[in-house]
>>> print(open('structure_37.txt').read())   # compact mmCIF, C-alpha atoms
# COMPACT_ATOMS: atom_id res chain seq x y z
CA MET R 1 14.59 -6.83 -11.91
CA LEU R 2 13.37 -3.83 -9.93
CA ASP R 3 13.84 -1.50 -12.93
CA LYS R 4 11.64 -3.78 -15.02
CA ILE R 5 8.89 -3.79 -12.38
CA ILE R 6 8.93 0.00 -12.21
CA GLU R 7 8.57 0.14 -15.99
CA ILE R 8 5.66 -2.33 -15.94
CA ALA R 9 3.89 -0.20 -13.32
CA LYS R 10 4.39 2.91 -15.45
CA GLN R 11 3.06 1.18 -18.56
CA ALA R 12 -0.04 0.15 -16.63
CA GLY R 13 -0.36 3.69 -15.30
CA GLU R 14 -0.22 5.14 -18.80
CA LYS R 15 -3.13 2.93 -19.84
CA ILE R 16 -5.09 3.93 -16.75
CA LEU R 17 -4.55 7.62 -17.53
CA GLU R 18 -5.67 7.12 -21.12
CA ILE R 19 -9.01 5.77 -19.89
CA TYR R 20 -9.17 8.33 -17.05
CA LYS R 21 -8.94 11.19 -19.54
CA SER R 22 -11.43 9.69 -21.97
CA GLU R 23 -14.42 10.87 -19.88
CA ASN R 24 -16.27 7.81 -21.10
CA PHE R 25 -15.76 4.58 -19.20
CA GLU R 26 -18.22 2.03 -17.94
CA ILE R 27 -18.48 1.24 -14.22
CA ASN R 28 -19.43 -2.29 -13.17
CA PHE R 29 -19.61 -3.92 -9.76
CA LYS R 30 -18.12 -7.12 -8.34
CA ASP R 31 -19.96 -9.55 -6.09
CA ASP R 32 -18.90 -7.54 -3.03
CA MET R 33 -20.28 -4.40 -4.71
CA SER R 34 -16.85 -2.83 -5.12
CA PRO R 35 -16.54 -0.96 -8.42
CA VAL R 36 -14.44 -2.12 -11.36
CA THR R 37 -13.70 -0.35 -14.64
CA MET R 38 -11.92 -1.11 -17.88
CA ALA R 39 -8.91 0.68 -16.40
CA ASP R 40 -8.67 -1.99 -13.67
CA LEU R 41 -8.85 -4.78 -16.23
CA ASP R 42 -6.52 -3.28 -18.84
CA SER R 43 -3.94 -2.42 -16.20
CA ASN R 44 -4.15 -5.96 -14.89
CA SER R 45 -3.55 -7.41 -18.37
CA ILE R 46 -0.47 -5.25 -18.88
CA ILE R 47 0.98 -6.20 -15.50
CA MET R 48 0.25 -9.92 -15.80
CA ARG R 49 1.86 -10.02 -19.24
CA GLY R 50 4.87 -8.01 -18.08
CA LEU R 51 5.52 -10.07 -14.96
CA LYS R 52 5.50 -13.29 -16.96
CA GLN R 53 8.35 -11.85 -19.04
CA VAL R 54 10.33 -10.89 -15.91
CA SER R 55 10.16 -14.15 -13.95
CA GLY R 56 8.42 -17.47 -13.59
CA PHE R 57 6.90 -16.51 -10.25
CA PRO R 58 3.11 -16.93 -10.08
CA VAL R 59 0.86 -13.89 -9.70
CA VAL R 60 -2.01 -13.05 -7.37
CA SER R 61 -3.98 -9.98 -8.39
CA GLU R 62 -7.13 -8.28 -7.21
CA GLU R 63 -8.46 -9.00 -10.67
CA ALA R 64 -7.07 -12.56 -10.73
CA ALA R 65 -7.29 -13.93 -7.20
CA VAL R 66 -6.01 -17.43 -6.40
CA GLU R 67 -7.57 -19.78 -3.85
CA TYR R 68 -5.41 -20.69 -0.86
CA VAL R 69 -5.31 -24.38 -1.75
CA ALA R 70 -3.47 -23.44 -4.95
CA ARG R 71 -1.04 -20.92 -3.43
CA LYS R 72 -0.40 -22.27 0.08
CA ASP R 73 2.97 -23.80 -0.83
CA TRP R 74 4.23 -20.91 -2.93
CA ARG R 75 7.55 -19.54 -1.75
CA ARG R 76 7.73 -16.46 -3.98
CA PHE R 77 4.95 -14.78 -5.91
CA TRP R 78 3.85 -11.41 -7.21
CA LEU R 79 0.99 -9.63 -5.43
CA VAL R 80 -0.72 -6.97 -7.52
CA ASP R 81 -3.39 -4.30 -7.25
CA PRO R 82 -3.62 -3.05 -10.83
CA LEU R 83 -5.71 -0.01 -9.84
CA ASP R 84 -5.73 0.75 -6.14
CA GLY R 85 -8.34 3.39 -5.46
CA THR R 86 -10.98 2.67 -8.09
CA LYS R 87 -13.39 4.95 -6.22
CA ASP R 88 -10.79 7.73 -6.43
CA PHE R 89 -10.40 7.01 -10.14
CA ILE R 90 -14.17 7.30 -10.64
CA ALA R 91 -14.29 10.47 -8.51
CA LYS R 92 -11.60 12.03 -10.72
CA ASN R 93 -9.46 13.11 -7.76
CA GLY R 94 -6.21 11.65 -9.13
CA GLN R 95 -5.48 9.69 -5.96
CA PHE R 96 -5.15 6.19 -7.38
CA THR R 97 -2.12 3.97 -7.78
CA VAL R 98 -0.64 0.87 -9.37
CA ASN R 99 0.77 -1.54 -6.76
CA ILE R 100 3.18 -4.41 -7.46
CA ALA R 101 4.91 -6.40 -4.70
CA LEU R 102 7.04 -9.52 -4.52
CA ILE R 103 6.24 -11.80 -1.59
CA ASP R 104 8.85 -14.13 -0.10
CA GLY R 105 7.20 -16.58 2.30
CA ASP R 106 4.89 -14.35 4.31
CA THR R 107 6.77 -11.06 3.82
CA PRO R 108 6.88 -8.49 0.99
CA VAL R 109 10.48 -7.96 -0.12
CA LEU R 110 10.04 -5.68 -3.13
CA GLY R 111 7.39 -3.06 -3.74
CA VAL R 112 6.51 -0.49 -6.39
CA ILE R 113 3.75 2.10 -6.14
CA TYR R 114 3.12 4.30 -9.15
CA ILE R 115 0.83 7.34 -9.03
CA PRO R 116 -0.19 7.93 -12.67
CA ALA R 117 -1.82 11.34 -12.19
CA ARG R 118 1.40 12.70 -10.63
CA ASN R 119 3.89 10.60 -12.60
CA ASP R 120 5.47 9.66 -9.27
CA ALA R 121 7.05 6.25 -8.69
CA TYR R 122 7.93 4.96 -5.24
CA TRP R 123 9.87 1.76 -4.75
CA ALA R 124 11.87 -0.28 -2.29
CA GLU R 125 13.64 -3.58 -2.02
CA ARG R 126 14.36 -5.22 1.32
CA GLY R 127 17.66 -3.94 2.68
CA GLY R 128 18.07 -1.44 -0.16
CA GLY R 129 16.19 1.62 1.08
CA ALA R 130 13.11 3.39 -0.23
CA TYR R 131 13.00 5.81 -3.17
CA ARG R 132 10.77 8.34 -4.89
CA ASN R 133 11.70 8.85 -8.55
CA GLY R 134 15.22 7.68 -7.80
CA VAL R 135 15.78 9.88 -4.73
CA LYS R 136 16.13 8.10 -1.39
CA ILE R 137 13.42 8.84 1.17
CA TYR R 138 13.25 8.26 4.93
CA ASN R 139 10.82 9.44 7.59
CA LEU R 140 12.93 11.57 9.91
CA SER R 141 10.01 13.56 11.32
CA THR R 142 10.35 14.64 14.95
CA ARG R 143 6.91 16.25 15.17
CA THR R 144 5.18 16.00 18.52
CA ASP R 145 1.92 17.32 17.07
CA LEU R 146 1.34 14.29 14.91
CA ILE R 147 -0.14 14.39 11.42
CA ALA R 148 -2.34 11.46 10.43
CA ALA R 149 -3.72 10.15 7.16
CA ASP R 150 -7.26 8.95 6.76
CA SER R 151 -8.98 7.45 3.77
CA VAL R 152 -11.03 9.56 1.40
CA PHE R 153 -13.73 6.89 1.04
CA HIS R 154 -13.05 4.32 3.77
CA SER R 155 -12.87 6.17 7.06
CA SER R 156 -14.55 4.70 10.14
CA ALA R 157 -15.89 5.64 13.55
CA GLU R 158 -13.04 3.66 15.13
CA THR R 159 -10.50 5.77 13.26
CA LYS R 160 -12.14 8.96 14.48
CA THR R 161 -12.07 7.67 18.07
CA PHE R 162 -8.41 6.69 17.80
CA LEU R 163 -7.43 10.12 16.48
CA GLU R 164 -9.41 11.92 19.17
CA LYS R 165 -7.89 9.74 21.92
CA ASN R 166 -4.41 10.69 20.73
CA ASN R 167 -5.27 14.39 20.25
CA ILE R 168 -4.44 14.23 16.55
CA THR R 169 -6.30 17.01 14.79
CA ASP R 170 -4.16 17.50 11.67
CA ILE R 171 -5.58 14.88 9.30
CA LYS R 172 -4.82 14.51 5.60
CA ARG R 173 -7.44 12.76 3.47
CA LEU R 174 -5.50 10.64 1.01
CA GLY R 175 -6.59 7.96 -1.42
CA SER R 176 -5.26 4.47 -2.13
CA SER R 177 -1.63 3.61 -1.34
CA ILE R 178 -0.61 7.26 -1.43
CA LYS R 179 -0.95 7.13 2.37
CA TYR R 180 2.01 4.73 2.66
CA CYS R 181 4.11 6.93 0.41
CA ALA R 182 3.26 10.00 2.49
CA LEU R 183 4.32 8.15 5.65
CA ALA R 184 7.56 6.93 4.07
CA GLU R 185 8.70 10.45 3.18
CA GLY R 186 7.58 12.09 6.42
CA VAL R 187 4.56 14.01 5.18
CA ILE R 188 2.49 12.21 7.82
CA ASP R 189 3.37 10.39 11.01
CA ILE R 190 0.65 7.77 11.35
CA TYR R 191 -2.03 5.96 9.38
CA PRO R 192 -4.60 3.97 11.37
CA ARG R 193 -6.84 1.55 9.48
CA PHE R 194 -9.82 0.11 11.30
CA ASN R 195 -11.73 -1.39 8.40
CA GLY R 196 -11.27 -3.77 5.52
CA THR R 197 -8.17 -4.07 3.36
CA LYS R 198 -6.72 -7.03 1.50
CA GLU R 199 -3.16 -8.16 1.04
CA TRP R 200 -2.75 -6.54 -2.38
CA ASP R 201 -3.73 -3.17 -0.85
CA THR R 202 -0.81 -3.12 1.59
CA ALA R 203 2.10 -5.27 0.34
CA ALA R 204 3.96 -2.77 -1.85
CA GLY R 205 3.37 0.02 0.65
CA GLN R 206 4.69 -2.12 3.49
CA VAL R 207 8.09 -2.61 1.86
CA ILE R 208 8.39 1.08 1.05
CA LEU R 209 7.42 2.41 4.47
CA CYS R 210 9.48 -0.19 6.36
CA GLU R 211 12.56 0.64 4.32
CA ALA R 212 11.90 4.30 5.15
CA GLY R 213 12.13 3.69 8.90
CA CYS R 214 8.45 3.09 9.64
CA LYS R 215 6.36 0.08 10.64
CA ILE R 216 2.92 -1.35 10.01
CA ILE R 217 1.44 -3.24 12.95
CA ASP R 218 -1.32 -5.84 12.80
CA LEU R 219 -3.50 -5.02 15.80
CA SER R 220 -4.39 -8.68 16.32
CA THR R 221 -0.92 -10.23 16.16
CA LYS R 222 1.08 -7.14 17.26
CA GLN R 223 3.55 -7.88 14.44
CA ASN R 224 4.07 -6.55 10.94
CA LEU R 225 1.36 -7.63 8.52
CA LYS R 226 1.87 -11.14 7.11
CA TYR R 227 0.98 -12.42 3.66
CA ASN R 228 -0.25 -15.49 1.78
CA LYS R 229 -2.72 -16.21 4.56
CA PRO R 230 -5.68 -18.57 4.03
CA ASP R 231 -7.88 -15.47 4.20
CA ILE R 232 -6.39 -12.71 2.07
CA ARG R 233 -8.12 -10.04 4.15
CA ASN R 234 -5.91 -8.05 6.53
CA ASN R 235 -6.63 -7.49 10.18
CA PHE R 236 -6.95 -3.89 11.33
CA PHE R 237 -3.56 -2.18 11.50
CA ILE R 238 -1.71 1.01 12.30
CA ALA R 239 1.23 2.25 10.21
CA LEU R 240 3.47 4.71 12.00
CA ARG R 241 6.89 6.28 12.34
CA GLY R 242 9.61 4.03 13.66
CA ASP R 243 10.09 6.06 16.84
CA LEU R 244 6.42 5.94 17.84
CA GLU R 245 5.18 3.20 20.14
CA LEU R 246 1.66 1.83 20.43
CA ASN R 247 0.07 0.81 23.73
CA TYR R 248 -2.08 -2.16 22.73
CA GLU R 249 -4.44 -1.90 25.69
CA ASN R 250 -5.83 1.47 24.73
CA TYR R 251 -4.12 2.27 21.41
CA TYR R 252 -2.31 5.25 22.88
CA ILE R 253 0.73 6.51 20.96
CA SER R 254 3.94 7.45 22.76
CA ARG R 255 7.46 8.27 21.65
CA GLY R 256 9.98 5.44 21.70
CA SER R 257 13.42 5.35 20.12
CA ARG R 258 14.53 5.52 16.53
CA ASN R 259 17.09 3.22 14.94
CA THR R 260 18.34 4.75 11.71
CA SER R 261 21.11 2.22 11.17
CA ALA R 262 18.87 -0.39 9.57
CA PRO R 263 15.45 -0.59 7.97
CA VAL R 264 12.51 -1.77 10.04
CA ASN R 265 11.15 -4.78 8.20
CA GLY R 266 9.71 -8.05 9.38
>>> encode(input="structure_37.txt", output="structure tokens")
Amino acid sequence: MLDKIIEIAKQAGEKILEIYKSENFEINFKDDMSPVTMADLDSNSIIMRGLKQVSGFPVVSEEAAVEYVARKDWRRFWLVDPLDGTKDFIAKNGQFTVNIALIDGDTPVLGVIYIPARNDAYWAERGGGAYRNGVKIYNLSTRTDLIAADSVFHSSAETKTFLEKNNITDIKRLGSSIKYCALAEGVIDIYPRFNGTKEWDTAAGQVILCEAGCKIIDLSTKQNLKYNKPDIRNNFFIALRGDLELNYENYYISRGSRNTSAPVNG
């Protein structure tokens, strides 16, 4: 099934690139004033159609959200962001992705992130490791001078304070779910997020980074992010290497221990 999901993501990415290169696409705005383009909608149509051919699992998408009363008893379902990083798409910086995840209960167990502008596909399945274009990846960084990722368009004062408190000065500005991919393969060590994301923004990335020896911690629950909540918005979180520990009183990062014998997923 995973091969079919990767192919669906690539097909959606091809359509996104076609519109991206056209230099002529309309930009509209949703009720929350977030932008949406034909690329978002066409990608969503391709993914929805493809997933129906793969399985009978229901689908929740950024462009086809489902109220909690309808999904609260779902055991397995697809969670999709057909174009993660619409602002990056509009800005023509190439840093946008297609995200497809399979949720089991409250946990993502399969995830695919495709970066159309780079033709890079990242994927993982619980217990099976994480991969980039078929090559296994794992964050084995031992850097003491940590490298962080911050959003191109969604940084915050809280993020700046966190980075300053931890003396992190090497910061890569990355768009969309590319930040999770960079963490999974050891390009960065930590990604703090102190403003709004929704479940479809993080699910695929969570599987990939956890299977690559990292973790993503909800700052309210002190556990990995959970899914199919009544409110699909995520709490603030920090994604980081598996050997880094977070002091929850002051958000100070220290070195812990690394277990490379099994993926970190929960």
>>> closest_residue(input="structure_37.txt", among="R:Arg76, R:Lys222, R:Lys179, R:Lys4", to="Gln53 in chain R", atoms="all atoms listed in the file")
R:Lys4
>>> atom_distance(input="structure_37.txt", atom1="CA of Thr197 in chain R", atom2="CA of Asp218 in chain R")
11.8 Å
>>> residues_around(input="structure_37.txt", residues="range 148-150 of chain R", least_positions_apart="3", cutoff="10 Å", atoms="all atoms listed in the file", output="ChimeraX atom specification")
/R:145,153-156,159-160,163,168-175,178-180,182-183,187-193,239-240
>>> residues_around(input="structure_37.txt", residues="Gly56 in chain R", least_positions_apart="3", cutoff="10 Å", atoms="all atoms listed in the file", output="PDB file with C-alpha atoms, in the coordinates of the input")
ATOM      1  CA  LEU R  51       5.520 -10.070 -14.960  1.00  0.00           C
ATOM      2  CA  LYS R  52       5.500 -13.290 -16.960  1.00  0.00           C
ATOM      3  CA  GLN R  53       8.350 -11.850 -19.040  1.00  0.00           C
ATOM      4  CA  VAL R  59       0.860 -13.890  -9.700  1.00  0.00           C
ATOM      5  CA  ARG R  76       7.730 -16.460  -3.980  1.00  0.00           C
ATOM      6  CA  PHE R  77       4.950 -14.780  -5.910  1.00  0.00           C
ATOM      7  CA  TRP R  78       3.850 -11.410  -7.210  1.00  0.00           C
TER       8      TRP R  78
END
>>> closest_residue(input="structure_37.txt", among="R:Ala117, R:Cys181, R:Met38, R:Ala124", to="Phe96 in chain R", atoms="only C-alpha atoms")
R:Ala117
